[in-house]
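Please read the structure below before turning to the comments.
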Amino acid sequence: MFDKEWLPEGVERCSFGKFVVWIGFLVVFVLMGVYASYVVWSQGLITTGLNNYFAFGLWIVFDLAVIALGAGAFFSGFLTYILRIDQLKNIINLAVIVGFVCYSGAMIILTLEVGQPLRAWFGYWHPNVHSMLTEVIFCITCYLIVLIIEFIPLILENRKLNKVRFLHHLAHNFHVYMPLFAGIGTFLSFFHQGSLGGMYGVLFSQPFAYREGFFIWPWTFFLFVASAIASGPAFTMLVATSMEKITGRKLVDFKTKALLGKIAGSLLVFYLFFKILDTWHWAMQTLPRMGLTFSQVYNEVYGTWLLWLELGICGVIPAVLLVVPKFRNQPGLLYLGAILACIGVVVNRFVFTVQTLAHPVMPFDTWQVYVPAWTEWMTCIEVTAYCILIISLSYRYLPVFPQERRLNG
Amino acid sequence: MYKLKEFKIKWGMVIDLDKCTGCGACMISCQAENNMAPMPDATDKMYSLTWMLVYRLTNGKSFPDHDVAYLPRPCVQCGNPNCVPVCPVIATTKDEEGGIVSQISPRCIGCRYCMAACPYHSRYFNWHDPVWPQGMEKTLTPFTSTRPRGVVEKCHYCHHRFKAAKEKARYDGRDPMKLGEDDYIPACAENCPTGAITFGDLKNPEHKVAQLAKSPYAFRLLERLGTDPQLYYMSKREWVRRQGDNYLEHEPTKGV
């Protein structure tokens, strides 16, 4: 193979030609997305499906969803380095990479999302301390830097790079300080996951999103954190499993996957308990105080089916599948539970973003329906392709999975 | 959370919905006064800029009981605005004397969080580059900035007129903090042919708005959300007042 000496020691990889075809396939989608980005930047947001009613749309849903799914990085880091659950070391590298691609992908989308991209730095220069979005801007940037710092030692572990004495020692020193970065990452991620929820909860003029809470934090602050740490580990495990299916190699032992499933399931139960309480209080107290009933905030398109899908099919069912050992220890059911949990968090982010704006707050206003434009779809596909591209390159050239050699021995 | 700020002067508006004919003069005068470029398709309300928008309300009954009201809606200038605390870059504030919610266009990054926060749809995003047909640029109001594509904008009660009125008062040797009713009038109020829009200081008992706002027929949009608007509406028709807020079926209407 052309790149043999760059591959990790003792593992098998597909031929370079086959890999180039795969990368080329992904690059096509990336380039299509780059074109869509060019259209948005040059012609403005009029080229999207956003309008006077839908200030937020697919991009914000995508951002919130990938950031929640990328929470596997900070939470796995916390469990591995702070709580010392050693078994998670088998998947922590992948968790860091997934976190990195999710967060950097979200940042790419954010550059499109603001109407004045060249002024994006105003968020740091003129920060409004009252705004949850300010906290998100600061935390997400700092956490991306932490993820880069966590990713660097893995890159330096590349067989060829690691032969360079300086890089070898640098990687070693990074590893020594990794618990520190795991701690910083946990702190930052906790707050920005929460602030993303808080962004909606503080909208006291939007009955669908508004939540009461604790001190300055609405309940959505804590619920977003809980749902992210429940779905993040499940998503990391699903990425590992997908890589196994694509490459045909065993990468992580089932015990580790089941442990991640157990962690995700337990947290999902914790989340659902409070989410159901929150929904009940919102429906029975918050809405009537604003002069609305539960049925008024749903319509034919954005119906209560979304709530049942989120809390029932993608909430209670995966919680049972992941918590009960009998189900969790069957690969099919474990993966099904993880997939449903991940869909649940996406639905949650969707309703908070889109349904909040679709619902007419003024009595004489009307419901609106949001349909994303091709530019929005294409850029989301671009970022997804970019994520897969980075993961593919990492898998091929970096020692991501410590168990790979033994499992395929 | 953001706390209610009190101002010595609180500029407010009272719109008598029983007088409004829905002619749209307020919308047009607002657009002309505040330098809004013609839209490529002004009929598409999902992308238009209308700081002042006239809604059509009906009582939902068929003829002969059918009744219609028109509700002009500028920015309601909330006392407790949801748009202000959410803005990440302090592009919108309520620091101006008079309690007017300002929007600083050169500061706005176009994140549209304020639009998501505003239940009145009073905030508008610049979807298009502002382009004036040749010659029309001569009609621009020199005291109002034009806004570029990609920023959010809103009604500010023709704030430049407020500044001009203060300047004139200073020039005349009067106290700029004690403006008379006729010293400062936004374009919409000035051009309303039926006199449905009254403007003034809600805290000054000598101003007509202060008296009208206390009328038993006065109400504010979505009052129970806690935004404390400085825009009041009036109507003797109960069904109109009922459409001012979300009432549950059993709840009595505010007013008489």
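We label chains A, B, ... in the order they appear in the structure tokens, count residues from 1 in each chain, and number ligands from 1 in the order shown.
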Item to check | In segment 25-214 of chain B, DSSP helix (DSSP H, G or I) residues written as a PyMOL selection string | outcome: chain B and resi 25-33+83-86+113-117+136-139+159-171+187-191+208-212
Next on the checklist: Please check the contacts: residues of chain A at most 7 Å away from chain B, using only C-alpha atoms, listed as an MDAnalysis selection string.
Outcome noted: chainID A and resid 44:46 51:53 55 114:116 119:120 122:123 126:128 130:134 203:206 216 290:292 357 361:364
Checklist entry - What lies within 12 Å of Ser242 of chain A using only C-alpha atoms, ignoring chain neighbours under 2 positions off, as a ChimeraX atom specification? => result /A:235-240,244-252,335,339,388,391-392
Next on the checklist: Just want the 7 Å neighbourhood of segment 76-80 of chain B, counted on only C-alpha atoms, with same-chain residues fewer than 2 positions away dropped. Output as number ranges by chain.
Outcome noted: B: 3-5, 74, 82, 100-101, 227-231
Resulting file, chosen residues, N, CA, C and O atoms, as a short mmCIF file (atom, residue, chain, number, x, y, z; two decimals), in the first residue's frame:
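That gives us part-v8.cif:
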data_model
loop_
_atom_site.label_atom_id
_atom_site.label_comp_id
_atom_site.auth_asym_id
_atom_site.auth_seq_id
_atom_site.Cartn_x
_atom_site.Cartn_y
_atom_site.Cartn_z
N LYS B 3 -34.46 43.14 34.47
CA LYS B 3 -35.39 43.84 35.35
C LYS B 3 -36.01 45.04 34.64
O LYS B 3 -35.39 45.67 33.80
N LEU B 4 -37.24 45.34 35.04
CA LEU B 4 -37.96 46.46 34.45
C LEU B 4 -37.22 47.76 34.75
O LEU B 4 -36.90 48.05 35.89
N LYS B 5 -36.95 48.53 33.70
CA LYS B 5 -36.28 49.81 33.89
C LYS B 5 -37.32 50.92 33.88
O LYS B 5 -38.22 50.91 33.05
N PRO B 74 -47.09 48.68 15.52
CA PRO B 74 -45.66 49.02 15.47
C PRO B 74 -44.95 48.17 16.52
O PRO B 74 -45.56 47.27 17.08
N ASN B 82 -38.43 41.09 25.94
CA ASN B 82 -37.74 39.79 25.89
C ASN B 82 -36.56 39.85 24.92
O ASN B 82 -35.58 39.13 25.05
N ILE B 100 -37.70 53.90 24.96
CA ILE B 100 -37.82 53.33 23.61
C ILE B 100 -36.78 52.22 23.45
O ILE B 100 -35.62 52.39 23.83
N VAL B 101 -37.21 51.08 22.92
CA VAL B 101 -36.27 49.97 22.71
C VAL B 101 -35.50 50.27 21.43
O VAL B 101 -36.08 50.34 20.35
N THR B 227 -44.70 41.48 29.34
CA THR B 227 -43.76 42.33 28.59
C THR B 227 -44.00 43.82 28.87
O THR B 227 -43.17 44.64 28.51
N ASP B 228 -45.12 44.17 29.46
CA ASP B 228 -45.44 45.54 29.85
C ASP B 228 -45.29 46.53 28.69
O ASP B 228 -44.47 47.48 28.76
N PRO B 229 -46.07 46.38 27.63
CA PRO B 229 -45.91 47.25 26.46
C PRO B 229 -46.25 48.71 26.74
O PRO B 229 -47.09 49.00 27.59
N GLN B 230 -45.62 49.61 26.00
CA GLN B 230 -45.94 51.03 26.08
C GLN B 230 -46.93 51.43 24.98
O GLN B 230 -47.13 52.60 24.73
N LEU B 231 -47.46 50.44 24.30
CA LEU B 231 -48.47 50.66 23.27
C LEU B 231 -49.81 50.14 23.81
O LEU B 231 -49.92 48.98 24.20
#
Run DSSP on the backbone and give me the residues of segment 117-222 of chain B it puts in strand (DSSP E or B), as a PDB file with all heavy atoms, in the first residue's frame.
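The file below, part02.pdb, is the result:
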ATOM      1  N   TYR B 124     -37.785  42.696  12.315  1.00  0.00           N
ATOM      2  CA  TYR B 124     -37.680  42.241  10.922  1.00  0.00           C
ATOM      3  C   TYR B 124     -36.232  42.089  10.519  1.00  0.00           C
ATOM      4  O   TYR B 124     -35.387  42.910  10.874  1.00  0.00           O
ATOM      5  CB  TYR B 124     -38.374  43.251  10.001  1.00  0.00           C
ATOM      6  CG  TYR B 124     -39.865  43.238  10.177  1.00  0.00           C
ATOM      7  CD1 TYR B 124     -40.483  44.054  11.115  1.00  0.00           C
ATOM      8  CD2 TYR B 124     -40.646  42.367   9.428  1.00  0.00           C
ATOM      9  CE1 TYR B 124     -41.850  44.011  11.299  1.00  0.00           C
ATOM     10  CE2 TYR B 124     -42.016  42.329   9.602  1.00  0.00           C
ATOM     11  CZ  TYR B 124     -42.613  43.146  10.537  1.00  0.00           C
ATOM     12  OH  TYR B 124     -43.971  43.103  10.712  1.00  0.00           O
ATOM     13  N   PHE B 125     -35.985  41.037   9.780  1.00  0.00           N
ATOM     14  CA  PHE B 125     -34.645  40.770   9.288  1.00  0.00           C
ATOM     15  C   PHE B 125     -34.520  41.346   7.880  1.00  0.00           C
ATOM     16  O   PHE B 125     -35.470  41.288   7.101  1.00  0.00           O
ATOM     17  CB  PHE B 125     -34.411  39.258   9.260  1.00  0.00           C
ATOM     18  CG  PHE B 125     -33.011  38.845   8.913  1.00  0.00           C
ATOM     19  CD1 PHE B 125     -31.977  39.056   9.803  1.00  0.00           C
ATOM     20  CD2 PHE B 125     -32.730  38.240   7.692  1.00  0.00           C
ATOM     21  CE1 PHE B 125     -30.673  38.667   9.489  1.00  0.00           C
ATOM     22  CE2 PHE B 125     -31.440  37.857   7.371  1.00  0.00           C
ATOM     23  CZ  PHE B 125     -30.417  38.069   8.279  1.00  0.00           C
ATOM     24  N   VAL B 152     -31.081  42.820  11.870  1.00  0.00           N
ATOM     25  CA  VAL B 152     -32.478  42.909  12.294  1.00  0.00           C
ATOM     26  C   VAL B 152     -32.805  44.380  12.533  1.00  0.00           C
ATOM     27  O   VAL B 152     -31.960  45.140  12.989  1.00  0.00           O
ATOM     28  CB  VAL B 152     -32.689  42.092  13.582  1.00  0.00           C
ATOM     29  CG1 VAL B 152     -34.110  42.268  14.117  1.00  0.00           C
ATOM     30  CG2 VAL B 152     -32.419  40.617  13.325  1.00  0.00           C
ATOM     31  N   GLU B 153     -34.021  44.777  12.202  1.00  0.00           N
ATOM     32  CA  GLU B 153     -34.433  46.153  12.453  1.00  0.00           C
ATOM     33  C   GLU B 153     -35.839  46.192  13.001  1.00  0.00           C
ATOM     34  O   GLU B 153     -36.561  45.182  12.968  1.00  0.00           O
ATOM     35  CB  GLU B 153     -34.316  46.979  11.172  1.00  0.00           C
ATOM     36  CG  GLU B 153     -35.114  46.448  10.004  1.00  0.00           C
ATOM     37  CD  GLU B 153     -34.892  47.283   8.746  1.00  0.00           C
ATOM     38  OE1 GLU B 153     -33.732  47.458   8.366  1.00  0.00           O
ATOM     39  OE2 GLU B 153     -35.878  47.735   8.171  1.00  0.00           O
ATOM     40  N   ILE B 197     -54.401  57.239  16.041  1.00  0.00           N
ATOM     41  CA  ILE B 197     -53.159  57.055  16.794  1.00  0.00           C
ATOM     42  C   ILE B 197     -52.832  58.312  17.590  1.00  0.00           C
ATOM     43  O   ILE B 197     -52.696  59.403  17.015  1.00  0.00           O
ATOM     44  CB  ILE B 197     -51.985  56.718  15.841  1.00  0.00           C
ATOM     45  CG1 ILE B 197     -52.331  55.503  14.972  1.00  0.00           C
ATOM     46  CG2 ILE B 197     -50.705  56.456  16.641  1.00  0.00           C
ATOM     47  CD1 ILE B 197     -51.280  55.148  13.945  1.00  0.00           C
ATOM     48  N   THR B 198     -52.709  58.151  18.885  1.00  0.00           N
ATOM     49  CA  THR B 198     -52.324  59.268  19.751  1.00  0.00           C
ATOM     50  C   THR B 198     -50.976  58.923  20.365  1.00  0.00           C
ATOM     51  O   THR B 198     -50.759  57.789  20.800  1.00  0.00           O
ATOM     52  CB  THR B 198     -53.358  59.454  20.885  1.00  0.00           C
ATOM     53  OG1 THR B 198     -54.654  59.409  20.319  1.00  0.00           O
ATOM     54  CG2 THR B 198     -53.142  60.763  21.613  1.00  0.00           C
ATOM     55  N   PHE B 199     -50.105  59.940  20.400  1.00  0.00           N
ATOM     56  CA  PHE B 199     -48.759  59.680  20.898  1.00  0.00           C
ATOM     57  C   PHE B 199     -48.387  60.697  21.968  1.00  0.00           C
ATOM     58  O   PHE B 199     -48.790  61.861  21.910  1.00  0.00           O
ATOM     59  CB  PHE B 199     -47.752  59.778  19.740  1.00  0.00           C
ATOM     60  CG  PHE B 199     -46.357  59.393  20.116  1.00  0.00           C
ATOM     61  CD1 PHE B 199     -45.996  58.059  20.236  1.00  0.00           C
ATOM     62  CD2 PHE B 199     -45.391  60.359  20.391  1.00  0.00           C
ATOM     63  CE1 PHE B 199     -44.706  57.689  20.595  1.00  0.00           C
ATOM     64  CE2 PHE B 199     -44.101  59.999  20.746  1.00  0.00           C
ATOM     65  CZ  PHE B 199     -43.761  58.666  20.849  1.00  0.00           C
ATOM     66  N   GLY B 200     -47.618  60.255  22.942  1.00  0.00           N
ATOM     67  CA  GLY B 200     -47.181  61.187  23.983  1.00  0.00           C
ATOM     68  C   GLY B 200     -46.508  60.476  25.136  1.00  0.00           C
ATOM     69  O   GLY B 200     -46.135  59.300  25.025  1.00  0.00           O
ATOM     70  N   ASP B 201     -46.349  61.201  26.236  1.00  0.00           N
ATOM     71  CA  ASP B 201     -45.677  60.664  27.413  1.00  0.00           C
ATOM     72  C   ASP B 201     -46.720  60.050  28.346  1.00  0.00           C
ATOM     73  O   ASP B 201     -47.581  60.754  28.887  1.00  0.00           O
ATOM     74  CB  ASP B 201     -44.914  61.811  28.106  1.00  0.00           C
ATOM     75  CG  ASP B 201     -44.229  61.348  29.381  1.00  0.00           C
ATOM     76  OD1 ASP B 201     -44.194  60.127  29.631  1.00  0.00           O
ATOM     77  OD2 ASP B 201     -43.719  62.213  30.120  1.00  0.00           O
ATOM     78  N   ALA B 218     -59.252  50.475  27.324  1.00  0.00           N
ATOM     79  CA  ALA B 218     -57.857  50.307  26.883  1.00  0.00           C
ATOM     80  C   ALA B 218     -57.320  48.929  27.276  1.00  0.00           C
ATOM     81  O   ALA B 218     -57.686  48.375  28.315  1.00  0.00           O
ATOM     82  CB  ALA B 218     -56.989  51.386  27.507  1.00  0.00           C
ATOM     83  N   PHE B 219     -56.494  48.404  26.427  1.00  0.00           N
ATOM     84  CA  PHE B 219     -55.848  47.112  26.704  1.00  0.00           C
ATOM     85  C   PHE B 219     -54.514  47.061  25.983  1.00  0.00           C
ATOM     86  O   PHE B 219     -54.230  47.919  25.137  1.00  0.00           O
ATOM     87  CB  PHE B 219     -56.743  45.951  26.263  1.00  0.00           C
ATOM     88  CG  PHE B 219     -56.930  45.857  24.775  1.00  0.00           C
ATOM     89  CD1 PHE B 219     -56.131  45.031  24.002  1.00  0.00           C
ATOM     90  CD2 PHE B 219     -57.924  46.598  24.130  1.00  0.00           C
ATOM     91  CE1 PHE B 219     -56.301  44.950  22.621  1.00  0.00           C
ATOM     92  CE2 PHE B 219     -58.098  46.523  22.754  1.00  0.00           C
ATOM     93  CZ  PHE B 219     -57.287  45.691  21.999  1.00  0.00           C
TER      94      PHE B 219
END
Checklist entry - Which polymer residues have any atom within 10 Å of an atom of Leu267 of chain A, counting only C-alpha atoms, with same-chain residues fewer than 6 positions away left out, as a ChimeraX atom specification? => result /A:226-231,261,273,319,323
Checklist entry - Which value, in Å to one decimal, gives the distance between atom CA of Trp59 of chain A and atom CA of Ile108 of chain A? => result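 One can read the atom CA of Trp59 of chain A to atom CA of Ile108 of chain A distance as 10.3 Å.
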Next on the checklist: Taking 6 positions as the minimum chain separation for residues in the same chain, which residues sit within 12 Å of Asn34 of chain B when counting only C-alpha atoms? Answer as a ChimeraX atom specification.
Outcome noted: /B:26-28,49-52,139-147,153-161,186-188
Next on the checklist: So that I can see what lies close to Tyr177 of chain A, please list as a PyMOL selection string the residues with an atom at most 12 Å from it, counting only C-alpha atoms and leaving out residues fewer than 4 positions away in the same chain.
Outcome noted: chain A and resi 81+146+149-150+153+170-173+181-184
Item to check | Two-atom distance - atom CA of Tyr124 of chain A, atom CA of Phe138 of chain A (Å) | outcome: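 That distance, rounded to one decimal, is 7.2 Å.
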Checklist entry - Of the residues A:Ala283, A:Met378, A:Ile276, A:Leu112, which is the one nearest to Val316 of chain A, using only C-alpha atoms? => result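 Nearest candidate to Val316 of chain A out of A:Ala283, A:Met378, A:Ile276, A:Leu112: A:Ile276.
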Item to check | Point-to-point distance from atom CA of Leu71 of chain B to atom CA of Cys20 of chain B, Å rounded to tenths | outcome: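 If I compute the distance from atom CA of Leu71 of chain B to atom CA of Cys20 of chain B, I get 7.5 Å.
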Next on the checklist: Taking only C-alpha atoms into account, name the residue in A:Ile155, A:Ile381, A:Val202, A:Leu311 that is nearest to Phe215 of chain A.
Outcome noted: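 Using only C-alpha atoms, Phe215 of chain A sits closest to A:Val202.
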Checklist entry - Smallest atom-to-atom distance to Leu212 of chain B: which of B:Met234, B:Ala69, B:Ile104, B:Ala196, using only C-alpha atoms? => result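 Residue with the minimum atom-to-atom distance to Leu212 of chain B: B:Met234.
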Item to check | Residue nearest Lys203 of chain B - candidates B:Gly98, B:Tyr233, B:Gly24, B:Pro176, atoms counted: only C-alpha atoms | outcome: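 The shortest atom-to-atom distance to Lys203 of chain B comes from B:Gly98.
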Item to check | Proximity to Ile23 of chain A - best of A:Ala36, A:Val129, A:Gly99, A:Ile390, only C-alpha atoms | outcome: A:Ile390
